[in-house]
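Worksheet: one structure, shown below.
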There are 2 protein chains.
Amino acid sequence: MSTFPITDKTEITRLPKRGVYDVDTVHAILDEALVCTVAFTLEGQPFQIPTGFCRIDNKLYIHGSVGSFYMRELQQKKLPVCISATLLDGMVLARSAFHHSVNYRSVVMFSEPELITNKDELYTALEVFTNKMCPGRWDDVRKPTEGEWKATMVLGFEIKETSAKVRVGPPKDDEEDYDLNVWAGIQPLKLERKTLIADPGLKAGVPVPPYLL
Amino acid sequence: MSTFPITDKTEITRLPKRGVYDVDTVHAILDEALVCTVAFTLEGQPFQIPTGFCRIDNKLYIHGSVGSFYMRELQQKKLPVCISATLLDGMVLARSAFHHSVNYRSVVMFSEPELITNKDELYTALEVFTNKMCPGRWDDVRKPTEGEWKATMVLGFEIKETSAKVRVGPPKDDEEDYDLNVWAGIQPLKLERKTLIADPGLKAGVPVPPYLL
């Protein structure tokens with residue numbers, strides 16, 4: 001199992017037993033999370049932007065318009081970023097208010113932006129991004145035109161200075177509280193995909209494709 | 001309808017029609033979102049921490065251990081923060097890859113930490129936080145002891161320099177693409193609460209309380 005090196009910035013100091021540094025865990029969290037937040041600093045002021053993303057190998061990709069202010073700033077100034085993504089797995093309902101918690105899996109990574117100009121890498125990033133939204137979607141849709149490619153900026157971030165933090169399992173109460181008449185356990189949380197809503201402008205006779213059923 | 005003032009930091013410049021500045025919309029997003037990310041800058045380096053939170057009136061609250069490094073840094077140095085929370089409502093499946101999007105509601109706010117020392121405000125924040133996890137929970141559980149209160153740090157952030165960004169509705173394709181034989185529409189996303197899992201150490205005979213059913 002390969003692991004990310006632990007640095008001053010990535011060491012989990014609060015509840016260190018929840019710290020996870022192995023590459024496979026980090027990659028799996030990033031592949032499941034649909035949104036990340038990209039934090040950066042401009043003139044001493046912290047900013048952050050929520051955005052979709054995807055991972056390929058050991059790189060995280062975001063994309064946006066070439067007119068996007070923050071993507072231009074990131075790229076032109078090569079600003080250091082902190083990116084995080086979090087999955088909520090359940091409410092941890094303890095007998096005491098104090099021991100309430102959440103089961104979660106989160107990643108926090110530190111990196112710098114790289115403007116992706118290689119056409120193969122660009123194309124693959126958009127394909128993986130689209131298929132992350134809905135597996136199978138890319139092959140079904142109209143591919144980008146030359147003009148659309150030119151309007152799209154893709155930034156890559158090497159996944160290097162990175163840690164995950166994970167809580168699993170039941171609540172942990174104080175010994176004397178286990179005798180209280182309070183229900184305790186987990187209320188699982190799950191981001192679910194619900195019944196499709198067809199576009200009001202959908203062409204007559206176009207069926208729902210099998211990969212969406 | 002009261003609105004937040006639009007500033008250089010909060011003006012939505014990319015897709016400005018998605019920008020929302022009214023207080024009720026911002027509050028509703030913050031009340032529904034279960035996790036936020038708090039971004040701050042230390043020695044020029046951006047950091048961010050995912051954490052639970054709650055809102056009361058026009059203030060956002062986070063809490064943690066008095067031993068938490070980042071909460072101490074925020075509080076002691078009164079670091080400016082950028083906080084965001086995002087709700088994903090659906091995949092927007094267009095006919096072209098380029099027009100794929102996501103329906104979402106997000107808030108980004110800029111503020112500074114205030115250490116909450118007033119006992120009424122502290123107590124209310126923890127009560128609202130616990131009931132946000134599961135409405136009705138606070139009245140059912142063992143309340144914090146004096147020692148637990150002393151171990152807990154609560155920071156408040158006035159909600160002032162703030163904007164929301166919201167996308168709703170079906171995909172918007174290029175006119176000529178509406179004739180393609182590609183299914184288009186929305187795949188709704190919803191964070192759902194699933195079947196409860198009792199703590200293996202649950203005392204015999206303790207029923208699931210009505211507010212969890």
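Going by the structure tokens order, chains are called A, B, ..., each with residues numbered from 1, while ligands are numbered from 1 in the order shown.
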Enumerate as a PyMOL selection string the residues belonging to chain B that approach chain A to within 7 Å, with only C-alpha atoms taken into account.
chain B and resi 14+39-41+44-48+68+80-82+91+95-98+133+138+140-144+148+170+178-179+181-199+202-203+206-208
Save out the residues we just selected, N, CA and C atoms, as a short mmCIF file (atom, residue, chain, number, x, y, z; two decimals), in the first residue's frame.
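File result-v3.cif, as written:
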```cif
data_model
loop_
_atom_site.label_atom_id
_atom_site.label_comp_id
_atom_site.auth_asym_id
_atom_site.auth_seq_id
_atom_site.Cartn_x
_atom_site.Cartn_y
_atom_site.Cartn_z
N ARG B 14 -19.11 35.41 -12.79
CA ARG B 14 -19.26 34.32 -13.77
C ARG B 14 -20.70 33.83 -13.70
N ALA B 39 -12.16 28.26 5.19
CA ALA B 39 -10.84 28.52 4.61
C ALA B 39 -10.20 29.71 5.31
N PHE B 40 -8.91 29.61 5.52
CA PHE B 40 -8.16 30.71 6.15
C PHE B 40 -6.73 30.66 5.62
N THR B 41 -5.99 31.68 5.93
CA THR B 41 -4.62 31.79 5.41
C THR B 41 -3.65 31.92 6.57
N GLY B 44 0.57 33.09 4.38
CA GLY B 44 0.41 33.08 2.92
C GLY B 44 -0.13 31.80 2.35
N GLN B 45 -0.23 30.77 3.19
CA GLN B 45 -0.67 29.44 2.71
C GLN B 45 -2.16 29.26 2.99
N PRO B 46 -2.96 28.96 1.96
CA PRO B 46 -4.38 28.69 2.22
C PRO B 46 -4.58 27.31 2.85
N PHE B 47 -5.52 27.27 3.79
CA PHE B 47 -5.94 26.02 4.44
C PHE B 47 -7.46 25.96 4.38
N GLN B 48 -8.01 24.76 4.51
CA GLN B 48 -9.44 24.70 4.75
C GLN B 48 -9.77 23.46 5.56
N SER B 68 -8.25 22.14 19.57
CA SER B 68 -8.17 22.14 18.11
C SER B 68 -7.22 23.23 17.63
N PRO B 80 -9.17 36.34 9.09
CA PRO B 80 -10.31 36.43 8.18
C PRO B 80 -10.56 35.05 7.56
N VAL B 81 -11.83 34.72 7.41
CA VAL B 81 -12.18 33.40 6.85
C VAL B 81 -13.07 33.57 5.64
N CYS B 82 -13.06 32.54 4.82
CA CYS B 82 -14.05 32.37 3.76
C CYS B 82 -14.70 31.02 4.04
N MET B 91 -27.97 16.36 -11.48
CA MET B 91 -27.11 16.37 -12.67
C MET B 91 -27.91 16.93 -13.83
N ARG B 95 -27.63 17.71 -24.19
CA ARG B 95 -27.37 16.91 -25.39
C ARG B 95 -25.91 16.98 -25.80
N SER B 96 -25.27 18.07 -25.43
CA SER B 96 -23.84 18.23 -25.73
C SER B 96 -23.05 18.12 -24.43
N ALA B 97 -21.84 17.57 -24.53
CA ALA B 97 -20.97 17.50 -23.35
C ALA B 97 -20.77 18.90 -22.77
N PHE B 98 -20.60 19.87 -23.64
CA PHE B 98 -20.28 21.24 -23.24
C PHE B 98 -21.33 21.85 -22.31
N MET B 133 -28.62 18.13 13.49
CA MET B 133 -28.22 16.76 13.15
C MET B 133 -29.45 15.86 13.09
N TRP B 138 -31.87 17.01 21.00
CA TRP B 138 -31.33 17.69 22.19
C TRP B 138 -32.10 17.33 23.47
N ASP B 140 -33.59 14.78 24.22
CA ASP B 140 -33.57 13.35 24.54
C ASP B 140 -32.25 12.90 25.18
N VAL B 141 -31.20 13.68 25.04
CA VAL B 141 -29.87 13.18 25.40
C VAL B 141 -29.35 13.83 26.68
N ARG B 142 -28.28 13.23 27.19
CA ARG B 142 -27.65 13.80 28.38
C ARG B 142 -26.96 15.11 28.00
N LYS B 143 -27.28 16.16 28.75
CA LYS B 143 -26.72 17.48 28.45
C LYS B 143 -25.26 17.56 28.90
N PRO B 144 -24.53 18.51 28.32
CA PRO B 144 -23.11 18.63 28.68
C PRO B 144 -22.90 18.94 30.16
N GLU B 148 -17.46 19.23 30.22
CA GLU B 148 -17.61 19.14 28.76
C GLU B 148 -17.75 20.52 28.14
N PRO B 170 -34.00 22.83 -16.30
CA PRO B 170 -33.51 21.85 -17.29
C PRO B 170 -32.24 22.33 -17.97
N TYR B 178 -31.16 20.48 -30.25
CA TYR B 178 -32.43 19.94 -29.75
C TYR B 178 -32.99 18.84 -30.64
N ASP B 179 -32.47 18.75 -31.85
CA ASP B 179 -32.96 17.72 -32.76
C ASP B 179 -32.16 16.41 -32.66
N ASN B 181 -30.75 12.87 -31.29
CA ASN B 181 -31.41 11.75 -30.61
C ASN B 181 -30.69 11.41 -29.29
N VAL B 182 -30.56 12.41 -28.44
CA VAL B 182 -29.88 12.23 -27.16
C VAL B 182 -30.88 12.56 -26.05
N TRP B 183 -31.03 11.65 -25.09
CA TRP B 183 -31.91 11.93 -23.97
C TRP B 183 -31.34 13.06 -23.14
N ALA B 184 -32.17 14.00 -22.76
CA ALA B 184 -31.72 15.14 -21.96
C ALA B 184 -32.70 15.38 -20.82
N GLY B 185 -32.19 15.87 -19.72
CA GLY B 185 -33.04 16.15 -18.57
C GLY B 185 -32.22 16.26 -17.31
N ILE B 186 -32.90 16.05 -16.19
CA ILE B 186 -32.27 16.17 -14.88
C ILE B 186 -32.26 14.81 -14.19
N GLN B 187 -31.12 14.48 -13.59
CA GLN B 187 -31.08 13.35 -12.67
C GLN B 187 -30.98 13.95 -11.26
N PRO B 188 -32.11 13.99 -10.53
CA PRO B 188 -32.08 14.65 -9.21
C PRO B 188 -31.16 13.92 -8.23
N LEU B 189 -30.56 14.70 -7.36
CA LEU B 189 -29.71 14.17 -6.29
C LEU B 189 -30.31 14.58 -4.96
N LYS B 190 -30.26 13.67 -3.99
CA LYS B 190 -30.83 14.02 -2.69
C LYS B 190 -30.06 13.29 -1.60
N LEU B 191 -29.62 14.02 -0.59
CA LEU B 191 -28.96 13.39 0.55
C LEU B 191 -30.05 12.83 1.46
N GLU B 192 -30.13 11.49 1.52
CA GLU B 192 -31.23 10.89 2.26
C GLU B 192 -30.76 10.24 3.56
N ARG B 193 -31.66 10.26 4.52
CA ARG B 193 -31.42 9.57 5.78
C ARG B 193 -31.99 8.17 5.66
N LYS B 194 -31.18 7.16 5.93
CA LYS B 194 -31.56 5.77 5.70
C LYS B 194 -31.92 5.07 7.01
N THR B 195 -32.14 3.77 6.89
CA THR B 195 -32.57 2.97 8.04
C THR B 195 -31.57 3.03 9.19
N LEU B 196 -32.07 3.31 10.37
CA LEU B 196 -31.22 3.43 11.56
C LEU B 196 -30.47 2.13 11.86
N ILE B 197 -29.26 2.29 12.38
CA ILE B 197 -28.46 1.14 12.82
C ILE B 197 -28.22 1.32 14.32
N ALA B 198 -28.80 0.43 15.11
CA ALA B 198 -28.65 0.56 16.57
C ALA B 198 -27.21 0.29 17.00
N ASP B 199 -26.75 1.02 17.98
CA ASP B 199 -25.45 0.78 18.61
C ASP B 199 -25.42 -0.65 19.15
N LEU B 202 -26.39 -0.88 22.67
CA LEU B 202 -27.66 -0.28 23.11
C LEU B 202 -28.28 -1.08 24.25
N LYS B 203 -28.70 -0.35 25.27
CA LYS B 203 -29.34 -0.99 26.43
C LYS B 203 -30.63 -1.69 25.99
N VAL B 206 -34.59 -0.22 25.08
CA VAL B 206 -34.70 1.21 24.73
C VAL B 206 -35.25 1.33 23.30
N PRO B 207 -36.44 1.90 23.16
CA PRO B 207 -37.05 1.98 21.82
C PRO B 207 -36.48 3.13 21.00
N VAL B 208 -36.69 3.07 19.69
CA VAL B 208 -36.35 4.20 18.81
C VAL B 208 -37.35 5.32 19.11
#
```
Where does DSSP see helix (DSSP H, G or I) in stretch 16-157 of chain A, if you list the residues as a PDB file with N, CA and C atoms, in the first residue's frame?
```pdb
ATOM      1  N   PRO A  16      -5.895  12.005  15.898  1.00  0.00           N
ATOM      2  CA  PRO A  16      -4.965  11.472  14.886  1.00  0.00           C
ATOM      3  C   PRO A  16      -5.316  10.064  14.400  1.00  0.00           C
ATOM      4  N   LYS A  17      -6.072   9.313  15.203  1.00  0.00           N
ATOM      5  CA  LYS A  17      -6.410   7.951  14.751  1.00  0.00           C
ATOM      6  C   LYS A  17      -7.333   7.991  13.532  1.00  0.00           C
ATOM      7  N   ARG A  18      -7.968   9.149  13.283  1.00  0.00           N
ATOM      8  CA  ARG A  18      -8.820   9.264  12.088  1.00  0.00           C
ATOM      9  C   ARG A  18      -8.007   9.611  10.834  1.00  0.00           C
ATOM     10  N   VAL A  23      -2.824   6.088  -0.444  1.00  0.00           N
ATOM     11  CA  VAL A  23      -3.212   6.631  -1.744  1.00  0.00           C
ATOM     12  C   VAL A  23      -4.563   6.092  -2.193  1.00  0.00           C
ATOM     13  N   ASP A  24      -4.797   4.811  -2.002  1.00  0.00           N
ATOM     14  CA  ASP A  24      -6.060   4.218  -2.473  1.00  0.00           C
ATOM     15  C   ASP A  24      -7.272   4.831  -1.782  1.00  0.00           C
ATOM     16  N   THR A  25      -7.167   5.074  -0.477  1.00  0.00           N
ATOM     17  CA  THR A  25      -8.284   5.694   0.256  1.00  0.00           C
ATOM     18  C   THR A  25      -8.538   7.105  -0.256  1.00  0.00           C
ATOM     19  N   VAL A  26      -7.476   7.879  -0.422  1.00  0.00           N
ATOM     20  CA  VAL A  26      -7.620   9.254  -0.931  1.00  0.00           C
ATOM     21  C   VAL A  26      -8.268   9.230  -2.313  1.00  0.00           C
ATOM     22  N   HIS A  27      -7.778   8.376  -3.185  1.00  0.00           N
ATOM     23  CA  HIS A  27      -8.334   8.311  -4.545  1.00  0.00           C
ATOM     24  C   HIS A  27      -9.819   7.909  -4.516  1.00  0.00           C
ATOM     25  N   ALA A  28     -10.166   6.947  -3.667  1.00  0.00           N
ATOM     26  CA  ALA A  28     -11.559   6.479  -3.625  1.00  0.00           C
ATOM     27  C   ALA A  28     -12.497   7.579  -3.135  1.00  0.00           C
ATOM     28  N   ILE A  29     -12.066   8.363  -2.166  1.00  0.00           N
ATOM     29  CA  ILE A  29     -12.901   9.479  -1.682  1.00  0.00           C
ATOM     30  C   ILE A  29     -13.076  10.502  -2.812  1.00  0.00           C
ATOM     31  N   LEU A  30     -11.988  10.824  -3.477  1.00  0.00           N
ATOM     32  CA  LEU A  30     -12.069  11.817  -4.569  1.00  0.00           C
ATOM     33  C   LEU A  30     -12.947  11.313  -5.718  1.00  0.00           C
ATOM     34  N   ASP A  31     -12.942  10.018  -5.947  1.00  0.00           N
ATOM     35  CA  ASP A  31     -13.762   9.482  -7.051  1.00  0.00           C
ATOM     36  C   ASP A  31     -15.246   9.472  -6.705  1.00  0.00           C
ATOM     37  N   GLU A  32     -15.560   9.365  -5.436  1.00  0.00           N
ATOM     38  CA  GLU A  32     -16.974   9.332  -5.039  1.00  0.00           C
ATOM     39  C   GLU A  32     -17.552  10.745  -4.854  1.00  0.00           C
ATOM     40  N   PHE A  69     -12.818  34.286 -13.631  1.00  0.00           N
ATOM     41  CA  PHE A  69     -11.834  35.118 -12.930  1.00  0.00           C
ATOM     42  C   PHE A  69     -10.910  34.275 -12.062  1.00  0.00           C
ATOM     43  N   TYR A  70     -11.513  33.387 -11.270  1.00  0.00           N
ATOM     44  CA  TYR A  70     -10.665  32.686 -10.299  1.00  0.00           C
ATOM     45  C   TYR A  70      -9.745  31.676 -10.972  1.00  0.00           C
ATOM     46  N   MET A  71     -10.223  31.053 -12.049  1.00  0.00           N
ATOM     47  CA  MET A  71      -9.344  30.105 -12.734  1.00  0.00           C
ATOM     48  C   MET A  71      -8.183  30.838 -13.412  1.00  0.00           C
ATOM     49  N   ARG A  72      -8.473  32.022 -13.945  1.00  0.00           N
ATOM     50  CA  ARG A  72      -7.395  32.810 -14.548  1.00  0.00           C
ATOM     51  C   ARG A  72      -6.378  33.248 -13.495  1.00  0.00           C
ATOM     52  N   GLU A  73      -6.889  33.675 -12.342  1.00  0.00           N
ATOM     53  CA  GLU A  73      -5.979  34.088 -11.268  1.00  0.00           C
ATOM     54  C   GLU A  73      -5.104  32.914 -10.821  1.00  0.00           C
ATOM     55  N   LEU A  74      -5.750  31.769 -10.600  1.00  0.00           N
ATOM     56  CA  LEU A  74      -5.008  30.588 -10.159  1.00  0.00           C
ATOM     57  C   LEU A  74      -3.895  30.261 -11.146  1.00  0.00           C
ATOM     58  N   GLN A  75      -4.269  30.285 -12.420  1.00  0.00           N
ATOM     59  CA  GLN A  75      -3.346  29.840 -13.460  1.00  0.00           C
ATOM     60  C   GLN A  75      -2.224  30.855 -13.692  1.00  0.00           C
ATOM     61  N   GLN A  76      -2.620  32.128 -13.788  1.00  0.00           N
ATOM     62  CA  GLN A  76      -1.621  33.144 -14.129  1.00  0.00           C
ATOM     63  C   GLN A  76      -0.634  33.356 -12.989  1.00  0.00           C
ATOM     64  N   LYS A  77      -1.140  33.292 -11.750  1.00  0.00           N
ATOM     65  CA  LYS A  77      -0.263  33.560 -10.607  1.00  0.00           C
ATOM     66  C   LYS A  77       0.270  32.283  -9.973  1.00  0.00           C
ATOM     67  N   LYS A 119      -3.637  18.152 -25.721  1.00  0.00           N
ATOM     68  CA  LYS A 119      -5.017  17.868 -26.144  1.00  0.00           C
ATOM     69  C   LYS A 119      -5.525  16.507 -25.664  1.00  0.00           C
ATOM     70  N   ASP A 120      -4.652  15.525 -25.628  1.00  0.00           N
ATOM     71  CA  ASP A 120      -5.082  14.202 -25.143  1.00  0.00           C
ATOM     72  C   ASP A 120      -5.501  14.282 -23.674  1.00  0.00           C
ATOM     73  N   GLU A 121      -4.697  15.001 -22.887  1.00  0.00           N
ATOM     74  CA  GLU A 121      -4.984  15.103 -21.452  1.00  0.00           C
ATOM     75  C   GLU A 121      -6.282  15.901 -21.231  1.00  0.00           C
ATOM     76  N   LEU A 122      -6.451  16.994 -21.990  1.00  0.00           N
ATOM     77  CA  LEU A 122      -7.670  17.797 -21.934  1.00  0.00           C
ATOM     78  C   LEU A 122      -8.896  16.948 -22.242  1.00  0.00           C
ATOM     79  N   TYR A 123      -8.807  16.229 -23.362  1.00  0.00           N
ATOM     80  CA  TYR A 123      -9.937  15.450 -23.837  1.00  0.00           C
ATOM     81  C   TYR A 123     -10.291  14.364 -22.818  1.00  0.00           C
ATOM     82  N   THR A 124      -9.258  13.689 -22.313  1.00  0.00           N
ATOM     83  CA  THR A 124      -9.491  12.617 -21.341  1.00  0.00           C
ATOM     84  C   THR A 124     -10.104  13.173 -20.058  1.00  0.00           C
ATOM     85  N   ALA A 125      -9.629  14.344 -19.622  1.00  0.00           N
ATOM     86  CA  ALA A 125     -10.163  14.935 -18.388  1.00  0.00           C
ATOM     87  C   ALA A 125     -11.659  15.225 -18.548  1.00  0.00           C
ATOM     88  N   LEU A 126     -12.039  15.784 -19.693  1.00  0.00           N
ATOM     89  CA  LEU A 126     -13.464  16.094 -19.892  1.00  0.00           C
ATOM     90  C   LEU A 126     -14.302  14.830 -20.015  1.00  0.00           C
ATOM     91  N   GLU A 127     -13.732  13.816 -20.627  1.00  0.00           N
ATOM     92  CA  GLU A 127     -14.455  12.543 -20.750  1.00  0.00           C
ATOM     93  C   GLU A 127     -14.670  11.912 -19.367  1.00  0.00           C
ATOM     94  N   VAL A 128     -13.624  11.874 -18.570  1.00  0.00           N
ATOM     95  CA  VAL A 128     -13.738  11.283 -17.233  1.00  0.00           C
ATOM     96  C   VAL A 128     -14.687  12.120 -16.372  1.00  0.00           C
ATOM     97  N   PHE A 129     -14.601  13.445 -16.506  1.00  0.00           N
ATOM     98  CA  PHE A 129     -15.487  14.338 -15.755  1.00  0.00           C
ATOM     99  C   PHE A 129     -16.952  14.052 -16.102  1.00  0.00           C
ATOM    100  N   THR A 130     -17.243  13.948 -17.391  1.00  0.00           N
ATOM    101  CA  THR A 130     -18.622  13.728 -17.841  1.00  0.00           C
ATOM    102  C   THR A 130     -19.124  12.359 -17.393  1.00  0.00           C
ATOM    103  N   ASN A 131     -18.275  11.364 -17.481  1.00  0.00           N
ATOM    104  CA  ASN A 131     -18.681  10.022 -17.055  1.00  0.00           C
ATOM    105  C   ASN A 131     -18.788   9.894 -15.536  1.00  0.00           C
ATOM    106  N   LYS A 132     -18.087  10.788 -14.803  1.00  0.00           N
ATOM    107  CA  LYS A 132     -18.256  10.790 -13.349  1.00  0.00           C
ATOM    108  C   LYS A 132     -19.653  11.320 -12.997  1.00  0.00           C
ATOM    109  N   MET A 133     -20.125  12.306 -13.773  1.00  0.00           N
ATOM    110  CA  MET A 133     -21.482  12.814 -13.552  1.00  0.00           C
ATOM    111  C   MET A 133     -22.503  11.705 -13.753  1.00  0.00           C
ATOM    112  N   TRP A 138     -20.583  10.097 -21.720  1.00  0.00           N
ATOM    113  CA  TRP A 138     -19.711  10.696 -22.746  1.00  0.00           C
ATOM    114  C   TRP A 138     -19.970  10.126 -24.140  1.00  0.00           C
ATOM    115  N   ASP A 139     -20.105   8.812 -24.216  1.00  0.00           N
ATOM    116  CA  ASP A 139     -20.272   8.177 -25.536  1.00  0.00           C
ATOM    117  C   ASP A 139     -21.601   8.544 -26.181  1.00  0.00           C
ATOM    118  N   ASP A 140     -22.546   9.033 -25.377  1.00  0.00           N
ATOM    119  CA  ASP A 140     -23.903   9.262 -25.853  1.00  0.00           C
ATOM    120  C   ASP A 140     -24.127  10.695 -26.352  1.00  0.00           C
ATOM    121  N   GLU A 146     -14.458  22.566 -31.812  1.00  0.00           N
ATOM    122  CA  GLU A 146     -13.180  23.274 -31.642  1.00  0.00           C
ATOM    123  C   GLU A 146     -13.389  24.554 -30.813  1.00  0.00           C
ATOM    124  N   GLY A 147     -14.480  25.263 -31.115  1.00  0.00           N
ATOM    125  CA  GLY A 147     -14.765  26.501 -30.380  1.00  0.00           C
ATOM    126  C   GLY A 147     -15.060  26.256 -28.908  1.00  0.00           C
ATOM    127  N   GLU A 148     -15.759  25.156 -28.633  1.00  0.00           N
ATOM    128  CA  GLU A 148     -16.054  24.822 -27.233  1.00  0.00           C
ATOM    129  C   GLU A 148     -14.779  24.456 -26.467  1.00  0.00           C
ATOM    130  N   TRP A 149     -13.892  23.714 -27.131  1.00  0.00           N
ATOM    131  CA  TRP A 149     -12.612  23.405 -26.483  1.00  0.00           C
ATOM    132  C   TRP A 149     -11.865  24.685 -26.142  1.00  0.00           C
ATOM    133  N   LYS A 150     -11.893  25.627 -27.085  1.00  0.00           N
ATOM    134  CA  LYS A 150     -11.141  26.878 -26.865  1.00  0.00           C
ATOM    135  C   LYS A 150     -11.747  27.700 -25.738  1.00  0.00           C
TER     136      LYS A 150
END
```
Within 6 Å of A:Gly156 using only C-alpha atoms, minus same-chain residues under 5 positions, as number ranges by chain
A: 60-61, 113-114
